[in-house]
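What's in coords_23.txt: compact mmCIF, C-alpha atoms
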```txt
# COMPACT_ATOMS: atom_id res chain seq x y z
CA MET A 234 0.00 0.00 0.00
CA ASN A 235 1.16 3.50 -0.85
CA PHE A 236 2.50 5.59 2.07
CA PHE A 237 0.48 8.61 0.96
CA THR A 238 -2.71 6.53 0.92
CA ILE A 239 -2.03 5.26 4.43
CA LEU A 240 -1.30 8.80 5.66
CA VAL A 241 -4.40 10.42 4.14
CA GLY A 242 -6.55 7.46 5.16
CA MET A 243 -5.56 7.81 8.80
CA ILE A 244 -5.87 11.59 8.89
CA LEU A 245 -9.24 11.96 7.19
CA VAL A 246 -11.04 8.68 6.56
CA ASN A 247 -10.13 6.53 9.55
CA ASN A 248 -9.54 9.37 12.00
CA TYR A 249 -9.12 7.73 15.40
CA VAL A 250 -11.18 10.30 17.27
CA LEU A 251 -13.91 11.12 14.77
CA ALA A 252 -14.38 7.82 12.93
CA GLN A 253 -13.19 5.16 15.38
CA PHE A 254 -14.01 7.05 18.61
CA LEU A 255 -10.66 6.28 20.25
CA GLY A 256 -8.99 8.90 22.43
CA ILE A 257 -12.19 10.69 23.41
CA CYS A 258 -11.04 11.58 26.96
CA PRO A 259 -8.26 14.00 25.95
CA PHE A 260 -10.33 15.11 22.95
CA LEU A 261 -13.08 16.38 25.24
CA GLY A 262 -10.88 17.36 28.17
CA VAL A 263 -8.04 19.31 26.58
CA SER A 264 -9.82 20.98 23.67
CA LYS A 265 -11.02 24.09 25.54
CA LYS A 266 -7.90 26.08 24.65
CA LEU A 267 -6.09 25.97 21.31
CA ASP A 268 -2.58 25.94 22.77
CA SER A 269 -3.39 23.00 25.04
CA ALA A 270 -5.07 21.16 22.17
CA VAL A 271 -2.03 21.65 19.92
CA GLY A 272 0.35 20.62 22.72
CA MET A 273 -1.65 17.48 23.45
CA GLY A 274 -1.86 16.65 19.75
CA ILE A 275 1.89 16.98 19.30
CA ALA A 276 2.53 14.90 22.42
CA VAL A 277 0.17 12.19 21.11
CA ILE A 278 1.91 12.17 17.70
CA PHE A 279 5.26 11.80 19.44
CA VAL A 280 4.04 8.98 21.70
CA MET A 281 2.24 7.17 18.85
CA VAL A 282 5.35 7.17 16.66
CA LEU A 283 7.65 6.14 19.50
CA ALA A 284 5.20 3.45 20.64
CA THR A 285 4.96 2.06 17.13
CA ALA A 286 8.74 2.17 16.71
CA ALA A 287 9.10 0.17 19.93
CA THR A 288 6.12 -2.20 19.74
CA TRP A 289 6.41 -3.39 16.13
CA PRO A 290 9.81 -5.07 16.58
CA ILE A 291 8.81 -6.39 19.99
CA MET A 292 5.73 -7.97 18.44
CA GLN A 293 8.00 -9.77 15.98
CA ILE A 294 9.93 -11.18 18.94
CA LEU A 295 6.70 -12.18 20.73
CA ASN A 296 5.54 -13.96 17.57
CA ALA A 297 8.90 -15.72 17.18
CA TRP A 298 8.63 -17.00 20.75
CA GLU A 299 4.96 -17.88 20.14
CA ILE A 300 3.75 -15.65 22.98
CA GLY A 301 1.86 -13.12 20.87
CA TYR A 302 -1.05 -13.36 23.31
CA LEU A 303 0.96 -11.09 25.65
CA GLN A 304 0.72 -8.29 23.08
CA THR A 305 -1.71 -6.04 24.97
CA ILE A 306 0.12 -6.25 28.30
CA VAL A 307 3.53 -5.63 26.73
CA PHE A 308 2.23 -2.75 24.61
CA ILE A 309 0.61 -1.05 27.62
CA LEU A 310 3.87 -1.27 29.58
CA ILE A 311 5.84 0.21 26.67
CA ILE A 312 3.34 3.04 26.19
CA ALA A 313 3.34 3.83 29.92
CA ALA A 314 7.13 4.09 29.94
CA LEU A 315 7.11 6.34 26.86
CA VAL A 316 4.49 8.65 28.35
CA GLN A 317 6.54 8.98 31.53
CA PHE A 318 9.50 9.92 29.35
CA VAL A 319 7.46 12.55 27.46
CA GLU A 320 6.13 13.94 30.73
CA MET A 321 9.64 14.31 32.15
CA VAL A 322 10.86 16.03 28.97
CA LEU A 323 7.92 18.47 28.94
CA LYS A 324 8.30 19.23 32.64
CA LYS A 325 11.99 19.97 32.16
CA PHE A 326 11.95 21.88 28.85
CA ILE A 327 8.37 23.21 28.36
CA PRO A 328 6.91 23.68 31.87
CA ALA A 329 4.05 25.93 30.67
CA LEU A 330 2.75 23.23 28.34
CA HIS A 331 3.24 20.60 31.04
CA LYS A 332 1.14 22.66 33.44
CA SER A 333 -1.59 23.43 30.85
CA LEU A 334 -1.97 19.73 29.96
CA GLY A 335 -2.31 18.89 33.65
CA VAL A 336 -3.82 15.51 34.39
CA TYR A 337 -4.42 14.79 30.70
CA LEU A 338 -0.75 14.20 29.96
CA PRO A 339 -0.51 11.06 32.13
CA LEU A 340 -3.83 10.01 30.59
CA ILE A 341 -1.99 9.47 27.28
CA THR A 342 -0.90 6.23 28.96
CA THR A 343 -4.51 5.08 28.98
CA ASN A 344 -5.38 6.77 25.69
CA CYS A 345 -6.82 3.92 23.72
CA ALA A 346 -5.84 5.66 20.47
CA VAL A 347 -2.15 5.07 21.22
CA LEU A 348 -2.71 1.41 22.02
CA GLY A 349 -5.13 1.17 19.09
CA VAL A 350 -2.58 2.37 16.55
CA CYS A 351 0.01 -0.11 17.79
CA ILE A 352 -2.42 -3.02 17.58
CA SER A 353 -3.95 -1.93 14.26
CA ASN A 354 -0.49 -1.79 12.68
CA ILE A 355 0.03 -5.43 13.59
CA ASP A 356 -3.51 -6.47 12.60
CA ALA A 357 -3.22 -4.73 9.21
CA GLY A 358 -0.01 -6.62 8.50
CA TYR A 359 1.99 -3.46 7.93
CA GLY A 360 5.76 -3.57 7.71
CA TYR A 361 7.88 -1.35 9.91
CA ALA A 362 7.88 1.70 7.59
CA GLU A 363 4.15 1.40 6.87
CA SER A 364 3.46 1.16 10.61
CA LEU A 365 5.41 4.35 11.27
CA VAL A 366 3.55 6.19 8.49
CA ASN A 367 0.24 4.87 9.84
CA SER A 368 1.06 6.10 13.34
CA VAL A 369 2.10 9.53 12.04
CA GLY A 370 -1.20 9.73 10.14
CA ALA A 371 -3.17 8.67 13.21
CA GLY A 372 -1.37 11.28 15.31
CA VAL A 373 -1.85 14.05 12.76
CA GLY A 374 -5.53 13.08 12.49
CA PHE A 375 -5.79 13.32 16.29
CA LEU A 376 -4.12 16.75 16.20
CA LEU A 377 -6.41 17.92 13.39
CA ALA A 378 -9.51 16.81 15.28
CA MET A 379 -8.26 18.53 18.45
CA VAL A 380 -7.52 21.82 16.67
CA ILE A 381 -10.84 21.94 14.79
CA PHE A 382 -12.81 21.00 17.89
CA SER A 383 -10.93 23.53 19.99
CA GLY A 384 -11.89 26.28 17.55
CA MET A 385 -15.51 25.17 17.64
CA ARG A 386 -15.55 25.10 21.45
CA MET A 387 -14.04 28.57 21.67
CA LYS A 388 -16.85 29.89 19.46
CA LEU A 389 -19.46 28.18 21.66
CA GLU A 390 -18.04 29.36 24.99
CA GLY A 391 -20.24 32.07 26.48
CA ASN A 392 -22.66 31.99 23.55
CA GLU A 393 -26.03 33.20 24.86
CA ALA A 394 -27.91 31.74 21.86
CA ILE A 395 -27.44 28.20 23.20
CA PRO A 396 -30.53 27.09 25.14
CA LYS A 397 -29.90 26.63 28.87
CA PRO A 398 -30.30 22.80 28.88
CA PHE A 399 -27.68 22.48 26.12
CA GLN A 400 -25.01 24.71 27.69
CA GLY A 401 -21.79 23.06 28.85
CA VAL A 402 -21.28 19.34 28.27
CA PRO A 403 -24.41 18.71 26.15
CA ILE A 404 -23.48 21.24 23.45
CA THR A 405 -19.90 19.95 23.55
CA LEU A 406 -21.08 16.42 22.80
CA VAL A 407 -23.49 17.59 20.10
CA THR A 408 -20.69 19.59 18.49
CA ALA A 409 -18.34 16.58 18.60
CA ALA A 410 -21.03 14.46 16.94
CA MET A 411 -21.52 17.04 14.20
CA LEU A 412 -17.77 17.24 13.59
CA SER A 413 -17.69 13.46 13.34
CA LEU A 414 -20.50 13.55 10.79
CA GLY A 415 -18.53 16.07 8.79
CA PHE A 416 -15.54 13.72 8.63
CA MET A 417 -17.79 10.91 7.38
CA GLY A 418 -17.85 12.81 4.08
CA PHE A 419 -14.27 11.65 3.48
CA GLY A 420 -15.43 8.00 3.61
CA GLY A 421 -14.80 7.08 -0.03
CA LEU A 422 -11.63 9.13 -0.44
CA VAL A 423 -9.20 6.24 0.09
CA GLY A 424 -9.97 2.72 -1.03
```
Is it possible to express this structure as structure tokens?
Amino acid sequence: MNFFTILVGMILVNNYVLAQFLGICPFLGVSKKLDSAVGMGIAVIFVMVLATAATWPIMQILNAWEIGYLQTIVFILIIAALVQFVEMVLKKFIPALHKSLGVYLPLITTNCAVLGVCISNIDAGYGYAESLVNSVGAGVGFLLAMVIFSGMRMKLEGNEAIPKPFQGVPITLVTAAMLSLGFMGFGGLVG
């Protein structure tokens, strides 16, 4: 499969947040401010690529030893270690971003989108390079969804035209659903 097709497919067609509904917790929690949304998106891209770079070869070893059934446990441990590494780097070099991400940064460890991309690379039968491209596409798609949704939420914040029962979380969920419907239009783009 063509690298460009994999990349576009993951960004637009198979977007982890808007089409597969993976990674919803940070999507809803960190998207109130654009800078936090961009920071989280970049951190997720970084962790997805590193996790894929680490888990793909390890899966080959697990398969060679015929213990592939340990895949999920091993992948979670690798992702947790990588997130701790990212958190330490951000705390040391970009403390403002570390503070703005707050509790959502450690939640990347439990972000099912990160685990999902690692497992889907194996399930799709991708080689190492294809897996890396797929994880970059998944991360960029996550970032794109975060940025668009952040812009939408900023427009909604303090809007008096929203009926009282829909203010807050309800309008946020309705907006997320509408954004997801918009991305469904890309469905036939990549075959």
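Rounded to one decimal, CA of Leu389 (chain A) and CA of Ala346 (chain A) lie 26.3 Å from each other.
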- Message: At a cut-off of 8 Å, using all atoms listed in the file, what residues contact region 280-283 of chain A? Leave out same-chain residues fewer than 3 positions from it and give the result as a ChimeraX atom specification.
- Response: /A:276-277,286-287,312,315-316,319,347,350-351,365,368-369,371-372
Atoms to include: C-alpha atoms. Write the selected residues as a PDB file, in the coordinates of the input.
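Dumped to part_11.pdb:
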```pdb
ATOM      1  CA  ALA A 276       2.530  14.900  22.420  1.00  0.00           C
ATOM      2  CA  VAL A 277       0.170  12.190  21.110  1.00  0.00           C
ATOM      3  CA  ALA A 286       8.740   2.170  16.710  1.00  0.00           C
ATOM      4  CA  ALA A 287       9.100   0.170  19.930  1.00  0.00           C
ATOM      5  CA  ILE A 312       3.340   3.040  26.190  1.00  0.00           C
ATOM      6  CA  LEU A 315       7.110   6.340  26.860  1.00  0.00           C
ATOM      7  CA  VAL A 316       4.490   8.650  28.350  1.00  0.00           C
ATOM      8  CA  VAL A 319       7.460  12.550  27.460  1.00  0.00           C
ATOM      9  CA  VAL A 347      -2.150   5.070  21.220  1.00  0.00           C
ATOM     10  CA  VAL A 350      -2.580   2.370  16.550  1.00  0.00           C
ATOM     11  CA  CYS A 351       0.010  -0.110  17.790  1.00  0.00           C
ATOM     12  CA  LEU A 365       5.410   4.350  11.270  1.00  0.00           C
ATOM     13  CA  SER A 368       1.060   6.100  13.340  1.00  0.00           C
ATOM     14  CA  VAL A 369       2.100   9.530  12.040  1.00  0.00           C
ATOM     15  CA  ALA A 371      -3.170   8.670  13.210  1.00  0.00           C
ATOM     16  CA  GLY A 372      -1.370  11.280  15.310  1.00  0.00           C
TER      17      GLY A 372
END
```
- Item | Point-to-point distance in Å for CA of Lys265 (chain A) and CA of Val250 (chain A) |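 CA of Val250 (chain A) sits 16.1 Å away from CA of Lys265 (chain A).
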- Quick one, how far is CA of Asn344 (chain A) from CA of Phe279 (chain A)?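 Between CA of Asn344 (chain A) and CA of Phe279 (chain A) the gap works out to 13.3 Å.
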Using all atoms listed in the file, which protein or nucleic acid residues come within 9 Å of region 299-311 of chain A? Drop anything in the same chain fewer than 6 positions from it, and give the result as a short mmCIF file (atom, residue, chain, number, x, y, z; two decimals) with C-alpha atoms, in the frame of the given file.
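See part21.cif below for the written result:
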```cif
data_model
loop_
_atom_site.label_atom_id
_atom_site.label_comp_id
_atom_site.auth_asym_id
_atom_site.auth_seq_id
_atom_site.Cartn_x
_atom_site.Cartn_y
_atom_site.Cartn_z
CA ALA A 284 5.20 3.45 20.64
CA ALA A 287 9.10 0.17 19.93
CA THR A 288 6.12 -2.20 19.74
CA ILE A 291 8.81 -6.39 19.99
CA MET A 292 5.73 -7.97 18.44
CA GLN A 293 8.00 -9.77 15.98
CA THR A 342 -0.90 6.23 28.96
CA THR A 343 -4.51 5.08 28.98
CA LEU A 348 -2.71 1.41 22.02
CA CYS A 351 0.01 -0.11 17.79
CA ILE A 352 -2.42 -3.02 17.58
#
```
- Note on the structure: Restricting to only C-alpha atoms, whichever of A:Met387, A:Val263, A:Val366, A:Leu295 is closest to Phe237 (chain A) is A:Val366
Coordinates of box centre and edge lengths for region 255-264 of chain A, 6 Å on every side, axis-aligned, as JSON:
```
{"center_x": -10.6, "center_y": 13.6, "center_z": 24.2, "size_x": 17.0, "size_y": 26.7, "size_z": 19.9}
```
- In terms of the shortest atom-to-atom distance over only C-alpha atoms, which of A:Leu376, A:Leu240, A:Ala314, A:Ile355 is closest to Ser264 (chain A)? A:Leu376
- Query: Using only C-alpha atoms, which residue out of A:Gly256, A:Gly374, A:Pro339, A:Gly360 lies closest to Met321 (chain A)?
  - Reply: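 Answer, going by the shortest atom-to-atom distance: A:Pro339.
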- Tell me which of A:Leu267, A:Ala410, A:Ala394, A:Ala378 sits closest to Leu330 (chain A), counting only C-alpha atoms. A:Leu267
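Of the listed residues (A:Leu422, A:Val402, A:Ile278, A:Met273), A:Met273 comes nearest to Leu340 (chain A); the distances count only C-alpha atoms.
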